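Visitor: After the C-alpha cells below, expect a handful of questions from me.
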Amino acid sequence: MHKIFKYVVLDIVQNKIVLIYTLLLLVISLSIFNLEDNSAKGLVSLLNIILIIIPLICIIFSTIYIYNSSEFIELLVSQPVKRKTIWLSIFAGLSSSLSFAFFVGAGIPILIYHADATGIMMITTGLFLTVVFVSIAMLAASKTRDKAKGIGLSILLWLYFSLIFDALVLFFLFQFQDYPLERIMVFMSFLNPIDLSRIQILLQMDISALMGYTGAVFREFFGTNMGVLISFIGLSCWIVVPLMISLKTFNKKDL
Amino acid sequence: MSKLFIFTFLLLSSVFAQGNTLTVGRSKAFNTIQRAVDAANAGDTVLVDYGIYKERNIIIQKSIVLKGIGFPVLDGENRFEIVSISANHATVEGFKMQHSGRSEIRDIGAIMIYNSYKVSAFNNILDDTNFGIYVQNSRNCTIKNNYITSYGKSEVQSGNGINCWKSDSLIIIGNRIKGHRDGIYFEFVTNSLVWRNISTKNIRYGIHFMFSHHDTYIANVFEENESGVAVMYTNHIRMYNNFFINNWGDAAYGILLKDISDSDISGNHFTKNTVALHMEGCSRINLYKNIFSNNGWAVKIQASCDNNDFTKNNFTGNTFDIATNGSLVLNTFNGNYWDKYEGYDLGHDHVGDVPYHPVSMYSMIIESNPAALMLFRSLIVTLLDKSEKILPGITPENLQDKIPLMRRLSL
C-alpha cells in the first residue's frame with residue numbers, strides 16, 4: 001500500500017498540471033486579497049472559486065489520471081497485490097496531493113490574510129470538497145471503460161452538483177411553495193456536498209441575511225456544534241460512499 | 001442710567017430668586033425627604049445628602065428643586081413608585097433610584113410625571129426600575145442625561161425606559177437606556193425633540209412611537225435591540241444623523257416605518273441590521289444622505305408605499321439593496337451610490353450612463369419563498385441574477401436609479 005501510494009504521489013508531482021493548479025489558486029487568492037480593500041469581501045469572492053473551481057479541477061483531473069494510469073493499474077493487478085490496496089492507494093495518492101495543492105494555493109493565503117473561524121472553516125470545507133470530488137471521480141472512472149464516456153460522466157456530475165441540483169431545488173421550492181419547507185431544505189442540503197459546504201461557510205461569515213426567518217431555522221441546526229459535527233459527518237459520507245461503491249465495482253471489474 | 005440699571009438688576013434678581021434651601025440628611029434639619037418637600041414653598045430647593053432613603057413614594061406637588069448630593073439612593077423596595085411629580089416648574093436632579101415596584105395593573109416606575117408643566121429630570125441614575133421615567137399628560141418637560149438600566153426578561157413583565165403619553169413639547173436629551181421593553185416609548189406625544197440618546201439591548205424596540213406628530217430625532221444611537229426600532233401611524237417626523245446598528249433577528253429591523261407620512265429622514269447610519277429599513281404604507285418621505293452598509297436587506301419597501309424619494313444615499317456591502325413585494329412602483333430612487341452598480345460613465349460626469357436596477361431577482365424569490373435562502377450565493381442564483389439584469393422579467397422594471405452615481409458620496 002505504502003509503495004503504491006508513493007509511486008502515485010511521485011507520478012502526480014511530476015505531472016505539471018497539479019503544479020499549475022497550485023500556482024493558479026495561489027495567484028487567484030493572493031490577487032483577490034490584495035485587490036479588495038477589506039479582506040471579508042475577498043473571502044466572499046474566494047468562496048465562489050472554492051465552490052466552483054475546486055470540484056471541477058479535482059473531478060476532471062482525477063478521472064483523467066485514472067484512465068491514463070490504466071496500464072499501470074493492469075500491471076499492478078498482475079502482481080500479488082490486493083485490488084482493494086491498489087484502488088485505495090490511488091485514492092489516497094490523488095486526494096492527498098490535490099489537498100496539498102489546495103492547502104498551499106488557497107489555504108496559506110487565507111491563513112495569512114484572514115486567519116479566523118471563517119477562514120479555517122473555508123480551508124476545512126475546501127479540503128473536504130477536494131477529497132469528496134476525488135472520490136466521486138473514482139466512482140465515475142470505475143463505472144465505464146471508455147475514457148471519453150468517463151470524462152463526460154464526471155463533467156456531468158460536476159455540472160449536476162454545482163448547477164443542476166440547485167436548479168432542481170429551486171423548482172421544487174416553487175412547486176411546493178405553500179408548504180413549510182425549511183426543515184426539508186436542511187435535509188436537501190445534505191444531498192449536495194457543495195451546498196453543505198457553502199452553508200457552513202456562510203454561517204461562519206455572519207451574513208446577516210441568513211438571520212432572516214429561514215436563517216433562524218438554518219442557524220438553529222447548522223450553527224450549533226452538533227450541527228457542524230453532523231454536516232461534517234455528512235461530508236464524510238460523501239467521501240466514503242462513492243469510494244466504497246467504486247471499490248466494489250473495481251473489485252469485480254474485468255480489466 | 002446707572003440707577004436704572006441697578007433697579008432693573010434688583011427687579012430681575014427678585015423675580016428669579018432661588019428661595020430657601022432645605023437640607024435633608026442624618027444630621028440636617030430634615031431626616032426624610034418627604035418631610036422636607038412638605039415643608040418647602042414654591043421656589044425652594046431641597047438638598048439631599050448621600051444616604052439610602054426608603055421612603056415608599058415621594059410625592060411632589062410644588063414648584064421646587066429636589067437635588068441629591070453625591071447620588072443619594074432612593075429605594076423603592078420592589079413595591080413602590082419612587083418619585084411622583086404633579087407640579088409646574090419642578091426639578092429632580094442627581095439621585096440614584098433603584099428597585100421600583102412592578103404591577104400588572106398600574107404602570108409603576110422611578111420618576112412619574114403627571115399632568116405637569118415644565119418639569120425636569122436631570123442626571124439621575126435609575127437601576128432595576130420597571131418604568132424608568134414616565135411622563136403623562138404633560139407639557140414642556142425636560143429629561144436629560146439620565147442613566148436608565150433595567151434587567152427585563154420578558155416583554156410582558158417589563159416597562160419602558162422613557163415612557164411618554166399624551167404630552168407636548170418634551171425635550172429628551174443625552175439619556176442612556178438599557179434593558180427595558182422599549183427604550184423610548186411615545187404615544188400621542190407631539191412637537192418634541194429626542195436628541196443624543198443611546199438606547200441599547202432592550203428586549204423589544206430601541207424607540208417605539210405611535211401617533212406622535214411633528215417630532216424630531218437627532219443623533220440617537222439604537223443598537224442591539226431585540227427587534228430594532230418600530231414607529232407607526234405618524235406624520236411629519238424628522239430623523240437626522242441617528243445610528244441604527246446591529247439589530248439582528250428574524251423580526252428585527254434597523255427601523256420599521258409603518259404608515260408614516262410627510263417626513264424627512266437624512267444622515268442616518270444603518271449598519272449590520274438584518275433589515276435596515278422596512279417601509280409599509282408610507283407616503284411622501286424624503287430619504288437622503290443616509291448610509292446603508294453591511295445589512296442583510298438595506299431597504300424593504302412594500303408596494304403599499306407611494307411618493308417616497310430616495311436620493312444621495314450610499315448603499316455599500318449590503319446583501320440585497322432593495323426588496324419589494326410587487327411590481328407597482330410609486331417611489332423614486334434616483335441619484336444614489338450603489339456599490340453593486342456595474343455600468344459605465346462615458347461622459348465623465350460621475351453619473352452612470354445606464355440605469356441601475358437595485359432589486360435582484362433572488363431577492364424577489366426570497367420575498368415569496370424564504371426557504372430559497374438555502375441557495376444563497378450559489379452559482380445558479382448568480383446566473384439567474386445576471387440574466388435578469390439583462391432582460392428584466394420578474395423584477396419591477398420601473399424600480400431603477402436613472403442617474404446612479406459612480407463614486408461613493410462622502411457623507
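Ordered as shown in the C-alpha cells, chains take letters A, B, and onward, while each chain numbers its residues from 1 and ligands are numbered from 1 in the order shown.
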Which residues of chain B come within 6 Å of chain A, and what is each one's closest atom pair and distance in Å (one decimal), counting only C-alpha atoms, sorted by chain and residue number, as CSV?
Guide:
residue,atom,partner,partner_atom,distance
B:Gly249,CA,A:Met211,CA,5.6
B:Asp250,CA,A:Gly212,CA,4.5
B:Thr274,CA,A:Ser208,CA,5.2
B:Gly296,CA,A:Ala209,CA,4.0
B:Ala371,CA,A:Glu182,CA,5.5
B:Ile380,CA,A:Leu163,CA,5.6
Visitor: Can I get the selected residues back with N, CA and C atoms, as a compact mmCIF listing (two decimals), in the first residue's frame?
Guide:
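Once written, again04.txt looks like this:
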# COMPACT_ATOMS: atom_id res chain seq x y z
N GLY B 249 -32.04 39.53 13.77
CA GLY B 249 -33.02 38.55 14.19
C GLY B 249 -34.07 38.37 13.12
N ASP B 250 -34.92 37.39 13.31
CA ASP B 250 -35.87 37.11 12.25
C ASP B 250 -36.93 38.19 12.12
N THR B 274 -30.37 43.09 10.08
CA THR B 274 -30.96 42.10 9.18
C THR B 274 -31.73 42.83 8.08
N GLY B 296 -28.32 42.95 5.80
CA GLY B 296 -28.89 41.87 5.00
C GLY B 296 -29.70 42.47 3.87
N ALA B 371 -37.60 29.95 2.02
CA ALA B 371 -36.74 28.76 2.12
C ALA B 371 -35.65 28.75 1.05
N ILE B 380 -26.23 29.00 -9.45
CA ILE B 380 -27.49 29.16 -10.18
C ILE B 380 -28.10 30.53 -9.89
Visitor: Please list as a PyMOL selection string every residue within 12 Å of Ile49 in chain A, counting only C-alpha atoms and excluding residues in the same chain fewer than 6 positions away.
Guide: (chain A and resi 24-26+28-29+32+42-43+55-57+102+105-106+122+126+162+194+198) or (chain B and resi 377-379)
Visitor: Near Thr130 in chain A, counting only C-alpha atoms, which residues have an atom at most 7 Å away, once you skip same-chain residues fewer than 5 positions from it, shown as a PDB file with N, CA and C atoms, in the first residue's frame?
Guide:
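What ended up in selection_1.pdb:
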ATOM      1  N   ILE A  54     -12.616  24.233  -7.469  1.00  0.00           N
ATOM      2  CA  ILE A  54     -12.025  23.056  -6.832  1.00  0.00           C
ATOM      3  C   ILE A  54     -12.725  21.760  -7.225  1.00  0.00           C
ATOM      4  N   PRO A  55     -14.073  21.713  -7.122  1.00  0.00           N
ATOM      5  CA  PRO A  55     -14.724  20.471  -7.569  1.00  0.00           C
ATOM      6  C   PRO A  55     -14.414  20.146  -9.028  1.00  0.00           C
ATOM      7  N   CYS A  58     -10.723  18.961  -9.429  1.00  0.00           N
ATOM      8  CA  CYS A  58     -10.493  17.678  -8.769  1.00  0.00           C
ATOM      9  C   CYS A  58     -11.145  16.538  -9.529  1.00  0.00           C
ATOM     10  N   SER A  95      -5.985  12.157  -3.539  1.00  0.00           N
ATOM     11  CA  SER A  95      -6.606  13.133  -2.640  1.00  0.00           C
ATOM     12  C   SER A  95      -5.554  13.856  -1.813  1.00  0.00           C
ATOM     13  N   LEU A  98      -3.818  16.477  -4.178  1.00  0.00           N
ATOM     14  CA  LEU A  98      -4.702  17.600  -4.528  1.00  0.00           C
ATOM     15  C   LEU A  98      -5.020  18.449  -3.287  1.00  0.00           C
ATOM     16  N   SER A  99      -5.170  17.785  -2.138  1.00  0.00           N
ATOM     17  CA  SER A  99      -5.410  18.536  -0.899  1.00  0.00           C
ATOM     18  C   SER A  99      -4.210  19.412  -0.591  1.00  0.00           C
TER      19      SER A  99
END
Visitor: Nearest to Ile265 in chain B among B:Tyr233, B:Phe222, B:Tyr217, B:Phe71, with distances taken over only C-alpha atoms: which residue is it?
Guide: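 Under the stated criterion, the closest residue is B:Tyr217.
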Visitor: Using only C-alpha atoms, which residues sit within 12 Å of Tyr253 in chain B once same-chain residues fewer than 6 positions away are excluded, as a ChimeraX atom specification?
Guide: /A:208-209,211-212 /B:204-207,222-231,244-247,270-279,295-300
Visitor: So that I have them on file, write out the residues from the current selection with C-alpha atoms, as a PDB file, in the first residue's frame.
Guide:
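The resulting file, result_31.pdb, is reproduced below:
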ATOM      1  CA  SER A 208     -26.954  38.943   8.221  1.00  0.00           C
ATOM      2  CA  ALA A 209     -29.415  37.908   5.551  1.00  0.00           C
ATOM      3  CA  MET A 211     -30.585  35.611  10.026  1.00  0.00           C
ATOM      4  CA  GLY A 212     -33.924  36.123   8.347  1.00  0.00           C
TER       5      GLY A 212
ATOM      6  CA  ARG B 204     -38.244  44.901  22.225  1.00  0.00           C
ATOM      7  CA  TYR B 205     -37.606  48.214  20.482  1.00  0.00           C
ATOM      8  CA  GLY B 206     -34.966  50.898  20.877  1.00  0.00           C
ATOM      9  CA  ILE B 207     -37.628  53.511  20.227  1.00  0.00           C
ATOM     10  CA  PHE B 222     -30.153  52.465  18.667  1.00  0.00           C
ATOM     11  CA  GLU B 223     -28.038  49.380  18.993  1.00  0.00           C
ATOM     12  CA  GLU B 224     -28.599  45.659  19.547  1.00  0.00           C
ATOM     13  CA  ASN B 225     -32.256  45.864  20.397  1.00  0.00           C
ATOM     14  CA  GLU B 226     -34.137  42.597  20.048  1.00  0.00           C
ATOM     15  CA  SER B 227     -36.468  44.000  17.420  1.00  0.00           C
ATOM     16  CA  GLY B 228     -34.664  47.189  16.426  1.00  0.00           C
ATOM     17  CA  VAL B 229     -36.875  50.244  16.085  1.00  0.00           C
ATOM     18  CA  ALA B 230     -40.521  50.469  15.066  1.00  0.00           C
ATOM     19  CA  VAL B 231     -42.537  53.605  14.510  1.00  0.00           C
ATOM     20  CA  PHE B 244     -29.200  52.048  13.766  1.00  0.00           C
ATOM     21  CA  ILE B 245     -26.671  49.324  14.432  1.00  0.00           C
ATOM     22  CA  ASN B 246     -26.560  45.549  14.883  1.00  0.00           C
ATOM     23  CA  ASN B 247     -30.238  44.777  15.125  1.00  0.00           C
ATOM     24  CA  PHE B 270     -27.766  51.877   9.085  1.00  0.00           C
ATOM     25  CA  THR B 271     -25.110  49.281   9.776  1.00  0.00           C
ATOM     26  CA  LYS B 272     -25.266  45.491  10.174  1.00  0.00           C
ATOM     27  CA  ASN B 273     -29.002  45.035  10.517  1.00  0.00           C
ATOM     28  CA  THR B 274     -30.957  42.102   9.177  1.00  0.00           C
ATOM     29  CA  VAL B 275     -33.320  44.599   7.525  1.00  0.00           C
ATOM     30  CA  ALA B 276     -32.074  48.170   7.761  1.00  0.00           C
ATOM     31  CA  LEU B 277     -35.220  49.997   6.678  1.00  0.00           C
ATOM     32  CA  HIS B 278     -38.631  48.436   6.279  1.00  0.00           C
ATOM     33  CA  MET B 279     -41.422  50.593   4.881  1.00  0.00           C
ATOM     34  CA  ASN B 295     -27.034  44.995   6.085  1.00  0.00           C
ATOM     35  CA  GLY B 296     -28.887  41.870   5.004  1.00  0.00           C
ATOM     36  CA  TRP B 297     -31.516  43.952   3.249  1.00  0.00           C
ATOM     37  CA  ALA B 298     -30.831  47.685   3.012  1.00  0.00           C
ATOM     38  CA  VAL B 299     -34.404  48.633   2.172  1.00  0.00           C
ATOM     39  CA  LYS B 300     -37.549  46.548   2.100  1.00  0.00           C
TER      40      LYS B 300
END
Visitor: If you count only C-alpha atoms, which residues fall within 12 Å of Ala148 in chain A, apart from same-chain ones fewer than 4 positions away, as number ranges by chain?
Guide: A: 60, 63-64, 67-68, 140-141, 144, 152-155
Visitor: Save the residues we just selected, N, CA and C atoms, as a PDB file, in the first residue's frame?
Guide:
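Ended up saving to out-v7.pdb:
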ATOM      1  N   ILE A  60     -12.170  16.325 -12.706  1.00  0.00           N
ATOM      2  CA  ILE A  60     -11.675  16.055 -14.060  1.00  0.00           C
ATOM      3  C   ILE A  60     -10.250  15.521 -14.023  1.00  0.00           C
ATOM      4  N   THR A  63     -10.298  11.860 -12.802  1.00  0.00           N
ATOM      5  CA  THR A  63     -10.817  10.923 -13.807  1.00  0.00           C
ATOM      6  C   THR A  63      -9.764  10.653 -14.888  1.00  0.00           C
ATOM      7  N   ILE A  64      -9.205  11.734 -15.405  1.00  0.00           N
ATOM      8  CA  ILE A  64      -8.215  11.573 -16.471  1.00  0.00           C
ATOM      9  C   ILE A  64      -7.006  10.790 -15.954  1.00  0.00           C
ATOM     10  N   TYR A  67      -7.775   7.074 -15.863  1.00  0.00           N
ATOM     11  CA  TYR A  67      -7.768   6.470 -17.200  1.00  0.00           C
ATOM     12  C   TYR A  67      -6.355   6.371 -17.755  1.00  0.00           C
ATOM     13  N   ASN A  68      -5.555   7.416 -17.506  1.00  0.00           N
ATOM     14  CA  ASN A  68      -4.205   7.405 -18.049  1.00  0.00           C
ATOM     15  C   ASN A  68      -3.318   6.354 -17.393  1.00  0.00           C
ATOM     16  N   ALA A 140     -16.946   7.602 -11.035  1.00  0.00           N
ATOM     17  CA  ALA A 140     -17.225   7.789 -12.459  1.00  0.00           C
ATOM     18  C   ALA A 140     -16.271   6.950 -13.300  1.00  0.00           C
ATOM     19  N   ALA A 141     -14.989   6.928 -12.892  1.00  0.00           N
ATOM     20  CA  ALA A 141     -13.997   6.208 -13.695  1.00  0.00           C
ATOM     21  C   ALA A 141     -14.167   4.701 -13.597  1.00  0.00           C
ATOM     22  N   THR A 144     -17.131   2.980 -16.125  1.00  0.00           N
ATOM     23  CA  THR A 144     -17.047   2.715 -17.575  1.00  0.00           C
ATOM     24  C   THR A 144     -15.592   2.584 -18.026  1.00  0.00           C
ATOM     25  N   GLY A 152     -16.823  12.452 -19.709  1.00  0.00           N
ATOM     26  CA  GLY A 152     -18.140  13.071 -19.911  1.00  0.00           C
ATOM     27  C   GLY A 152     -18.995  12.921 -18.664  1.00  0.00           C
ATOM     28  N   LEU A 153     -18.986  11.721 -18.107  1.00  0.00           N
ATOM     29  CA  LEU A 153     -19.786  11.461 -16.915  1.00  0.00           C
ATOM     30  C   LEU A 153     -19.339  12.341 -15.752  1.00  0.00           C
ATOM     31  N   SER A 154     -18.019  12.497 -15.612  1.00  0.00           N
ATOM     32  CA  SER A 154     -17.565  13.294 -14.457  1.00  0.00           C
ATOM     33  C   SER A 154     -17.883  14.770 -14.660  1.00  0.00           C
ATOM     34  N   ILE A 155     -17.804  15.252 -15.897  1.00  0.00           N
ATOM     35  CA  ILE A 155     -18.196  16.647 -16.140  1.00  0.00           C
ATOM     36  C   ILE A 155     -19.674  16.828 -15.816  1.00  0.00           C
TER      37      ILE A 155
END
Visitor: Show which residues sit within 10 Å of range 340-343 of chain B, as a PyMOL selection string. Count only C-alpha atoms, and ignore same-chain residues fewer than 3 positions away.
Guide: chain B and resi 315-321+337+346+351-358+404-406
Visitor: How would the residues just chosen look if you wrote them out with C-alpha atoms as a PDB file, in the first residue's frame?
Guide:
ATOM      1  CA  PHE B 315     -25.530  51.648  -0.407  1.00  0.00           C
ATOM      2  CA  THR B 316     -22.444  49.580   0.334  1.00  0.00           C
ATOM      3  CA  GLY B 317     -21.839  45.977   1.274  1.00  0.00           C
ATOM      4  CA  ASN B 318     -25.485  45.034   1.640  1.00  0.00           C
ATOM      5  CA  THR B 319     -26.546  41.552   0.677  1.00  0.00           C
ATOM      6  CA  PHE B 320     -29.654  42.943  -1.002  1.00  0.00           C
ATOM      7  CA  ASP B 321     -30.015  46.623  -1.790  1.00  0.00           C
ATOM      8  CA  TYR B 337     -24.462  55.393  -4.928  1.00  0.00           C
ATOM      9  CA  LEU B 346     -18.540  57.680 -20.844  1.00  0.00           C
ATOM     10  CA  VAL B 351     -23.129  59.651 -13.236  1.00  0.00           C
ATOM     11  CA  GLY B 352     -23.594  56.189 -14.708  1.00  0.00           C
ATOM     12  CA  ASP B 353     -24.938  56.068 -18.261  1.00  0.00           C
ATOM     13  CA  VAL B 354     -27.189  53.044 -17.792  1.00  0.00           C
ATOM     14  CA  PRO B 355     -29.886  52.813 -15.119  1.00  0.00           C
ATOM     15  CA  TYR B 356     -29.290  50.610 -12.107  1.00  0.00           C
ATOM     16  CA  HIS B 357     -31.896  48.072 -11.041  1.00  0.00           C
ATOM     17  CA  PRO B 358     -31.418  47.637  -7.315  1.00  0.00           C
ATOM     18  CA  PRO B 404     -26.678  56.210 -10.346  1.00  0.00           C
ATOM     19  CA  LEU B 405     -23.539  57.815  -9.014  1.00  0.00           C
ATOM     20  CA  MET B 406     -20.179  56.352  -9.955  1.00  0.00           C
TER      21      MET B 406
END
Visitor: Can you tell me, as a PyMOL selection string, which residues in range 35-188 of chain A count as alpha helix (DSSP H) by DSSP?
Guide: chain A and resi 35+39-68+70-78+83-102+108-113+117-143+147-159+165-175+182-188
Visitor: Between CA of Trp338 in chain B and CA of Leu375 in chain B, measure the distance and give it in Å to one decimal.
Guide: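 Separation of CA of Trp338 in chain B and CA of Leu375 in chain B: 23.5 Å.
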Visitor: Among the residues of range 3-89 of chain B, find those DSSP assigns to strand (DSSP E or B) from the backbone and print them as a list of chain:residue names.
Guide: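 So the strand (DSSP E or B) residues in range 3-89 of chain B would be B:Thr21, B:Leu22, B:Thr23, B:Val24, B:Phe30, B:Thr45, B:Val46, B:Leu47, B:Val48, B:Ile52, B:Tyr53, B:Ile58, B:Ile59, B:Ile60, B:Val65, B:Leu66, B:Lys67, B:Gly68, B:Val73, B:Leu74, B:Asp75, B:Val83, B:Ser84, B:Ile85, B:Asn88.
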Visitor: Quick one: pull the distance between CA of Ile184 in chain B and CA of Asn197 in chain B, Å, one decimal.
Guide: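 Computed distance, CA of Ile184 in chain B to CA of Asn197 in chain B, equals 9.4 Å.
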Visitor: Could you state the separation of CA of Phe95 in chain B and CA of Ile148 in chain B in Å, given to one decimal place?
Guide: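 That distance, rounded to one decimal, is 11.7 Å.
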